[in-house]
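Structure data (mmCIF, C-alpha atoms) from my_file36.cif:
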data_data
loop_
_atom_site.label_atom_id
_atom_site.label_comp_id
_atom_site.auth_asym_id
_atom_site.auth_seq_id
_atom_site.Cartn_x
_atom_site.Cartn_y
_atom_site.Cartn_z
CA MET P 99 9.28 -23.54 21.53
CA ASP P 100 9.25 -24.68 25.16
CA GLN P 101 5.69 -23.69 26.16
CA VAL P 102 4.46 -27.27 26.05
CA ASP P 103 1.04 -27.01 27.72
CA THR P 104 -0.15 -24.00 25.74
CA TYR P 105 1.24 -25.43 22.52
CA LEU P 106 -0.68 -28.68 23.05
CA LYS P 107 -3.90 -26.74 23.60
CA HIS P 108 -3.66 -24.99 20.22
CA SER P 109 -1.86 -27.52 18.01
CA ASN P 110 -5.06 -29.21 16.83
CA GLY P 111 -6.27 -26.23 14.81
CA ILE P 112 -4.69 -25.25 11.50
CA GLN P 113 -1.85 -27.71 12.10
CA TYR P 114 -4.20 -30.68 12.23
CA HIS P 115 -5.98 -29.71 9.00
CA VAL P 116 -2.79 -28.90 7.06
CA ILE P 117 -0.92 -32.05 8.13
CA THR P 118 -3.94 -34.29 7.53
CA GLY P 119 -4.53 -32.73 4.12
CA LEU P 120 -0.92 -33.16 3.02
CA LEU P 121 -0.71 -36.76 4.24
CA ASN P 122 -3.95 -37.54 2.39
CA GLU P 123 -2.73 -35.84 -0.79
CA PHE P 124 0.40 -38.01 -0.81
CA GLU P 125 -1.32 -41.03 0.72
CA ASN P 126 0.00 -43.53 -1.82
CA GLU P 127 3.63 -42.51 -1.27
CA VAL P 128 3.26 -42.26 2.52
CA SER P 129 1.54 -45.64 2.88
CA GLN P 130 4.51 -47.35 1.21
CA MET P 131 7.13 -45.85 3.54
CA LYS P 132 9.02 -48.54 5.44
CA GLY P 133 12.07 -48.64 7.68
CA THR P 134 13.03 -45.80 10.01
CA VAL P 135 11.16 -42.54 9.48
CA MET P 136 12.00 -39.18 11.11
CA ASP P 137 9.65 -36.38 12.12
CA ILE P 138 11.73 -33.21 12.46
CA GLY P 139 10.30 -30.69 14.92
CA CYS P 140 7.97 -33.28 16.44
CA GLY P 141 7.19 -31.14 19.52
CA PRO P 142 5.21 -33.14 22.10
CA GLY P 143 4.62 -35.88 19.53
CA ASN P 144 0.84 -35.56 19.29
CA SER P 145 0.83 -35.20 15.49
CA THR P 146 3.61 -37.77 15.11
CA LYS P 147 1.52 -40.39 16.86
CA SER P 148 -2.02 -39.59 15.78
CA LEU P 149 -1.48 -38.32 12.22
CA ILE P 150 1.80 -39.63 10.78
CA LEU P 151 2.21 -43.08 12.35
CA PRO P 152 -1.20 -44.49 11.27
CA LYS P 153 -0.54 -43.52 7.62
CA LEU P 154 2.73 -45.46 7.34
CA SER P 155 3.41 -49.08 6.50
CA LYS P 156 3.14 -51.34 9.54
CA ASP P 157 6.83 -52.10 8.96
CA ALA P 158 7.83 -48.50 9.67
CA VAL P 159 9.08 -47.06 12.94
CA VAL P 160 9.16 -43.33 13.64
CA VAL P 161 11.75 -41.27 15.49
CA GLY P 162 10.59 -37.80 16.50
CA LEU P 163 13.38 -35.22 16.55
CA ASP P 164 13.15 -31.86 18.31
CA VAL P 165 15.64 -29.24 19.46
CA SER P 166 13.69 -28.66 22.70
CA GLU P 167 14.55 -30.95 25.60
CA LYS P 168 11.20 -30.12 27.25
CA MET P 169 9.27 -31.11 24.15
CA VAL P 170 11.15 -34.40 23.86
CA GLU P 171 10.57 -35.21 27.53
CA CYS P 172 6.87 -34.46 27.14
CA ALA P 173 6.64 -36.54 23.95
CA ARG P 174 8.19 -39.57 25.68
CA ILE P 175 5.67 -39.35 28.53
CA LEU P 176 2.59 -38.73 26.36
CA ASN P 177 3.44 -41.51 23.90
CA ALA P 178 4.79 -44.15 26.25
CA ASP P 179 2.20 -46.64 24.95
CA GLU P 180 3.83 -46.66 21.48
CA LYS P 181 7.41 -47.53 22.43
CA GLU P 182 7.73 -50.29 19.84
CA ARG P 183 7.15 -48.02 16.85
CA LEU P 184 7.67 -44.52 18.22
CA SER P 185 10.61 -42.89 20.01
CA PHE P 186 11.91 -39.35 20.54
CA GLU P 187 15.35 -37.78 20.54
CA GLN P 188 16.75 -34.29 20.99
CA PHE P 189 18.36 -33.10 17.77
CA ASP P 190 19.20 -29.68 16.31
CA ILE P 191 18.59 -29.63 12.57
CA GLU P 192 20.87 -26.57 12.31
CA VAL P 193 23.85 -28.38 13.87
CA LYS P 194 27.11 -27.43 12.14
CA ASP P 195 29.15 -30.35 13.47
CA PHE P 196 26.92 -33.12 12.11
CA PRO P 197 27.00 -36.23 14.36
CA VAL P 198 28.34 -39.20 12.42
CA GLU P 199 25.93 -41.63 14.09
CA TYR P 200 23.02 -39.88 12.34
CA GLU P 201 24.55 -40.18 8.86
CA GLU P 202 22.06 -41.89 6.50
CA ARG P 203 20.06 -43.18 9.45
CA PHE P 204 16.57 -42.58 8.04
CA ASP P 205 14.68 -44.10 5.11
CA HIS P 206 12.15 -41.25 4.91
CA GLY P 207 11.16 -38.12 6.76
CA PHE P 208 8.57 -35.47 7.55
CA SER P 209 8.56 -32.00 9.04
CA PHE P 210 5.49 -29.87 9.67
CA PHE P 211 5.24 -26.31 11.07
CA THR P 212 8.95 -26.31 11.94
CA LEU P 213 11.20 -25.11 9.12
CA HIS P 214 9.97 -21.50 9.32
CA TRP P 215 11.88 -21.34 12.64
CA ILE P 216 15.15 -22.12 10.86
CA ALA P 217 17.58 -19.24 10.37
CA ASP P 218 19.85 -21.08 7.93
CA LEU P 219 17.59 -23.05 5.60
CA ARG P 220 20.46 -24.25 3.43
CA LEU P 221 22.27 -25.73 6.43
CA ALA P 222 19.05 -27.42 7.59
CA PHE P 223 18.49 -29.02 4.21
CA GLU P 224 22.13 -30.09 4.00
CA ASN P 225 21.61 -31.88 7.31
CA ILE P 226 18.32 -33.42 6.15
CA TYR P 227 20.17 -34.69 3.09
CA LYS P 228 22.77 -36.30 5.38
CA LEU P 229 20.09 -37.83 7.60
CA LEU P 230 18.40 -39.59 4.67
CA LYS P 231 19.55 -42.78 3.03
CA PRO P 232 19.96 -42.71 -0.79
CA GLY P 233 16.50 -42.94 -2.33
CA GLY P 234 14.90 -41.51 0.81
CA THR P 235 12.03 -39.05 0.52
CA PHE P 236 10.98 -36.09 2.65
CA LEU P 237 7.48 -34.60 2.80
CA SER P 238 7.16 -31.22 4.44
CA GLN P 239 5.44 -27.88 4.78
CA THR P 240 6.69 -24.52 6.01
CA ILE P 241 5.06 -21.16 6.68
CA GLN P 242 6.01 -18.44 4.21
CA VAL P 243 3.68 -15.64 5.38
CA PHE P 244 2.54 -15.30 9.00
CA ASN P 245 0.85 -12.20 10.41
CA GLY P 246 3.31 -11.92 13.30
CA TYR P 247 6.40 -11.30 11.17
CA ASN P 248 5.97 -7.56 10.60
CA GLY P 249 5.08 -7.11 14.26
CA TYR P 250 8.28 -8.88 15.34
CA LEU P 251 10.41 -6.62 13.14
CA LYS P 252 8.66 -3.42 14.24
CA LEU P 253 8.63 -4.16 17.98
CA ALA P 254 12.28 -5.20 17.85
CA GLU P 255 13.02 -1.50 17.22
CA SER P 256 11.05 -0.38 20.29
CA GLU P 257 13.03 0.87 23.28
CA LYS P 258 10.70 -1.11 25.53
CA PHE P 259 11.28 -4.48 23.89
CA LYS P 260 14.47 -4.42 21.83
CA GLU P 261 16.69 -5.85 24.58
CA TYR P 262 14.59 -9.03 24.46
CA MET P 263 14.45 -9.16 20.66
CA LYS P 264 18.02 -8.67 19.47
CA ASP P 265 17.68 -11.78 17.29
CA ALA P 266 14.20 -10.96 15.93
CA ARG P 267 15.33 -11.31 12.31
CA ARG P 268 16.31 -14.89 13.07
CA TYR P 269 12.64 -15.76 13.66
CA VAL P 270 11.37 -14.45 10.34
CA THR P 271 11.91 -17.01 7.59
CA SER P 272 14.13 -15.89 4.74
CA LEU P 273 11.39 -17.02 2.33
CA TYR P 274 9.22 -14.15 3.63
CA PHE P 275 11.57 -11.68 1.96
CA ALA P 276 12.09 -13.59 -1.29
CA GLU P 277 10.71 -12.04 -4.47
CA ASN P 278 9.76 -15.53 -5.65
CA PRO P 279 9.61 -17.79 -2.56
CA ARG P 280 8.90 -20.99 -4.48
CA ALA P 281 11.83 -20.47 -6.84
CA ALA P 282 14.09 -19.55 -3.90
CA LEU P 283 13.19 -22.75 -2.05
CA ILE P 284 13.62 -24.94 -5.12
CA GLU P 285 17.04 -23.39 -5.77
CA ILE P 286 18.20 -24.26 -2.25
CA LEU P 287 16.85 -27.80 -2.46
CA GLU P 288 18.43 -28.53 -5.84
CA ASP P 289 21.74 -26.95 -4.83
CA VAL P 290 21.87 -29.27 -1.83
CA GLY P 291 21.29 -32.23 -4.14
CA PHE P 292 17.60 -33.07 -3.76
CA GLN P 293 15.27 -34.02 -6.56
CA VAL P 294 12.17 -31.83 -6.19
CA LEU P 295 9.10 -33.98 -6.79
CA HIS P 296 6.60 -31.29 -5.82
CA CYS P 297 6.67 -27.70 -4.54
CA SER P 298 3.68 -25.36 -4.26
CA VAL P 299 2.54 -22.25 -2.40
CA ARG P 300 -0.94 -22.44 -0.87
CA GLU P 301 -3.18 -20.26 1.25
CA LYS P 302 -4.87 -21.53 4.41
CA ILE P 303 -7.19 -19.75 6.80
CA THR P 304 -7.74 -20.30 10.50
CA GLY P 305 -10.32 -18.77 12.82
CA TYR P 306 -10.53 -18.27 16.58
CA LYS P 307 -13.15 -18.51 19.30
CA SER P 308 -12.20 -15.00 20.43
CA GLN P 309 -9.41 -12.44 20.24
CA ALA P 310 -8.21 -13.74 23.61
CA ASP P 311 -7.94 -17.22 22.10
CA ARG P 312 -5.93 -15.80 19.19
CA LYS P 313 -3.62 -13.97 21.59
CA GLU P 314 -3.03 -17.16 23.56
CA LEU P 315 -2.06 -19.02 20.39
CA TYR P 316 0.35 -16.26 19.34
CA THR P 317 1.86 -16.33 22.84
CA SER P 318 2.35 -20.11 22.75
CA ILE P 319 4.50 -19.91 19.60
CA ASN P 320 6.26 -16.65 20.43
CA PRO P 321 10.06 -16.98 20.77
CA PHE P 322 10.54 -13.85 22.89
CA VAL P 323 8.05 -13.96 25.76
CA LEU P 324 9.97 -16.45 27.91
CA ARG P 325 12.76 -13.85 28.11
CA MET P 326 10.45 -11.15 29.44
CA PRO P 327 9.20 -10.26 32.93
CA GLU P 328 5.46 -10.80 33.24
CA ASP P 329 4.51 -7.11 33.00
CA VAL P 330 6.68 -6.60 29.89
CA LYS P 331 5.35 -9.82 28.36
CA ASN P 332 1.73 -8.68 28.74
CA GLU P 333 2.41 -5.29 27.21
CA PHE P 334 4.42 -6.86 24.40
CA MET P 335 1.65 -9.28 23.48
CA ASP P 336 -0.93 -6.49 23.51
CA LYS P 337 1.27 -4.43 21.17
CA LEU P 338 1.92 -7.44 18.94
CA MET P 339 -1.80 -8.11 18.62
CA GLU P 340 -2.34 -4.48 17.67
CA GLU P 341 0.27 -4.80 14.93
CA THR P 342 -1.12 -8.07 13.58
CA LEU P 343 -4.61 -6.61 13.26
CA LYS P 344 -3.21 -4.08 10.77
CA GLU P 345 -2.15 -6.83 8.36
CA GLU P 346 -4.07 -7.32 5.12
CA ASN P 347 -4.09 -11.07 5.76
CA VAL P 348 -6.36 -10.63 8.81
CA LEU P 349 -10.04 -11.00 7.99
CA PHE P 350 -13.09 -10.01 10.02
CA ARG P 351 -16.69 -11.18 9.88
CA LYS P 352 -19.43 -9.22 11.61
CA ASN P 353 -21.10 -11.19 14.40
CA ALA P 354 -24.89 -11.28 14.09
CA ASP P 355 -25.04 -10.89 17.86
CA SER P 356 -23.91 -7.31 18.53
CA SER P 357 -23.06 -8.20 22.13
CA LYS P 358 -20.30 -10.54 20.92
CA GLU P 359 -16.95 -9.96 19.25
CA ASP P 360 -16.65 -9.97 15.48
CA LYS P 361 -15.17 -13.18 14.10
CA ILE P 362 -11.47 -12.96 13.26
CA PHE P 363 -9.42 -15.09 10.84
CA ASP P 364 -5.75 -15.29 9.87
CA LEU P 365 -4.72 -16.04 6.30
CA TYR P 366 -1.42 -17.95 6.00
CA LYS P 367 0.74 -18.73 3.00
CA LEU P 368 2.30 -22.17 3.24
CA MET P 369 4.86 -23.94 1.08
CA MET P 370 4.32 -27.66 0.52
CA PHE P 371 7.11 -29.82 -0.90
CA HIS P 372 8.02 -33.42 -1.54
CA ILE P 373 11.70 -34.13 -2.22
CA LYS P 374 13.96 -37.13 -2.74
CA LYS P 375 17.64 -37.88 -2.14
CA PRO P 376 18.86 -39.53 -5.36
CA ASN P 377 19.82 -43.20 -5.23
CA SER P 378 23.34 -42.33 -6.35
CA GLU P 379 25.45 -39.20 -6.62
CA ILE P 380 25.18 -37.45 -9.98
#
Spit out the file's structure as structure tokens when you get a sec.
Amino acid sequence: MDQVDTYLKHSNGIQYHVITGLLNEFENEVSQMKGTVMDIGCGPGNSTKSLILPKLSKDAVVVGLDVSEKMVECARILNADEKERLSFEQFDIEVKDFPVEYEERFDHGFSFFTLHWIADLRLAFENIYKLLKPGGTFLSQTIQVFNGYNGYLKLAESEKFKEYMKDARRYVTSLYFAENPRAALIEILEDVGFQVLHCSVREKITGYKSQADRKELYTSINPFVLRMPEDVKNEFMDKLMEETLKEENVLFRKNADSSKEDKIFDLYKLMMFHIKKPNSEI
């Protein structure tokens, strides 16, 4: 996503807690990572610098990779004080013509809150496999259930919005439709050649200061609004919020102060996995 300022404002919520929790869970493995480490979908680099980098061996350097030129430019500016151990490059993990200079470039890797944007998961993991050196590991998380998905699919059929959402299906992860998402992900990973060290589905909850705050977050990660005129964008986001409030994974808590909004929470399903590229081809 290219909405850098709004993304930065909201990226310290559920993302911070999930990334911190996963890095702590695998602290022993992460602390021993040396060499060149990639962070796929690094965005503006705030999590790369403040969460990932401090957990690694002092011998490790990190390269943040992101498909968005704006995000990479922002990351370079915001993290200019860490040039010795931290750099950023534009890279599309869904590239079909894989650049030879990236072949087996990285010793280890991470990716957080990124892979749910990928239309072709198999291709992405094939490229991650190519990026890693033999014996390299990859620790990641991806969203499997998000309350915006049904809204995207429904509004894409609307006469008002469909011209801006012709590729709506591309922004709903294939794991959302899988009968057994964990098994589907493991099958892809093993077919590509990875050894699956860990894979689990977990639920996380995030709350908001207000419904306006929730709407702003949903806008910051929305792939369609930058295509829309301002009046259409506002109507679209209002309609999307209406649709999301119908989801069973939205929870409400009555506010003791009747003059204030009820508390609202979103329940997510996330997939956590730790994989390894074998030391030699089997």
Item checked: Picked residues, the PyMOL selection byres ((chain P and resi 300) around 8), as a VMD selection string -> chain P and resid 298 to 299 301 to 302 367 to 370
Check: Skipping near chain neighbours, those fewer than 6 positions away, what residues fall within 7 Å of Val165 in chain P using all atoms listed in the file, listed as a ChimeraX atom specification?
Finding: /P:188-190
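Going from CA of Val330 in chain P to CA of Ser308 in chain P covers 22.7 Å.
When CA of Gly143 in chain P is paired with CA of Val159 in chain P, their separation reads 13.7 Å.
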Note to self: To one decimal place in Å, what is the distance between CA of Glu341 in chain P and CA of Lys307 in chain P?
What the structure shows: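 It comes out at 19.7 Å.
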Margin query: the PyMOL selection byres ((chain P and resi 322) around 9) - which residues does that actually catch in the file I just gave you? List them as number ranges by chain.
Written below: P: 262-263, 266, 320-321, 323-326, 331
Next item on the list: I need the residue set behind the PyMOL selection byres ((chain P and resi 356-359) around 12) for this file; please write it as a list in words.
Entry: Tyr306, Lys307, Ser308, Gln309, Ala310, Asp311, Phe350, Arg351, Lys352, Asn353, Ala354, Asp355, Asp360, Lys361 and Ile362 of chain P
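Shortest separation to Arg280 in chain P among P:Phe371, P:Gln293, P:Leu253, P:Phe211 occurs at residue P:Phe371, atoms counted being all atoms listed in the file.
Between Leu149 in chain P and the residues P:Phe186, P:Phe196, P:Tyr366, P:Phe210, the shortest atom-to-atom distance, using all atoms listed in the file, involves P:Phe210.
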Let me know the centre plus edge lengths, in Å and rounded to one decimal, of a box with edges along x, y and z that contains all listed atoms of range 353-362 of chain P and is padded by 4 Å on every side, as AutoDock Vina command-line options.
--center_x -18.3 --center_y -10.2 --center_z 17.7 --size_x 21.6 --size_y 13.9 --size_z 16.9
Next item on the list: Find the residue from P:Ala222, P:Leu213, P:Ile150, P:Met131 that sits nearest to Gln239 in chain P; use all atoms listed in the file when measuring.
Entry: P:Leu213
Margin query: Counting all atoms listed in the file, which residues have an atom no more than 9 Å from (12.1, -40.8, 24.9) in the file's coordinates? Please list them as an MDAnalysis selection string.
Written below: chainID P and resid 170:175 177:178 181 184:188
Next item on the list: Find the residues near Glu224 in chain P: any atom within 10 Å, counting all atoms listed in the file, skip ones fewer than 5 places away on the same chain, and give them as a list of chain:residue names.
Entry: P:Ile191, P:Glu192, P:Lys194, P:Phe196, P:Leu219, P:Leu229, P:Ile286, P:Leu287, P:Asp289, P:Val290, P:Gly291, P:Phe292
Margin query: Residues within 10 Å of (11.1, -23.9, 13.4), file coordinates, counting all atoms listed in the file: what are they? Give the list as a ChimeraX atom specification.
Written below: /P:99,138-139,164-165,191,209-217,240-241,269-271,319
Restrict the selected residues to C-alpha atoms and save them as a tab-separated table (two decimals), keeping the file's coordinate frame.
chain	number	residue	atom	x	y	z
P	99	MET	CA	9.28	-23.54	21.53
P	138	ILE	CA	11.73	-33.21	12.46
P	139	GLY	CA	10.30	-30.69	14.92
P	164	ASP	CA	13.15	-31.86	18.31
P	165	VAL	CA	15.64	-29.24	19.46
P	191	ILE	CA	18.59	-29.63	12.57
P	209	SER	CA	8.56	-32.00	9.04
P	210	PHE	CA	5.49	-29.87	9.67
P	211	PHE	CA	5.24	-26.31	11.07
P	212	THR	CA	8.95	-26.31	11.94
P	213	LEU	CA	11.20	-25.11	9.12
P	214	HIS	CA	9.97	-21.50	9.32
P	215	TRP	CA	11.88	-21.34	12.64
P	216	ILE	CA	15.15	-22.12	10.86
P	217	ALA	CA	17.58	-19.24	10.37
P	240	THR	CA	6.69	-24.52	6.01
P	241	ILE	CA	5.06	-21.16	6.68
P	269	TYR	CA	12.64	-15.76	13.66
P	270	VAL	CA	11.37	-14.45	10.34
P	271	THR	CA	11.91	-17.01	7.59
P	319	ILE	CA	4.50	-19.91	19.60
Notebook entry, point to check: Nearest to Asn225 in chain P: which of P:Val135, P:Ala254, P:Pro197, P:Gln242 is it, counting all atoms listed in the file?
Noted result: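 Of P:Val135, P:Ala254, P:Pro197, P:Gln242, the one nearest Asn225 in chain P is P:Pro197, counting all atoms listed in the file.
Closest to Gly207 in chain P among P:Ser148, P:Asp137, P:Glu346, P:Met169 is P:Asp137, based on only C-alpha atoms.
Candidate residues P:Gly162, P:Pro376, P:Gly234, P:Gly305 were compared for distance to Gly141 in chain P, and the nearest is P:Gly162, using only C-alpha atoms.
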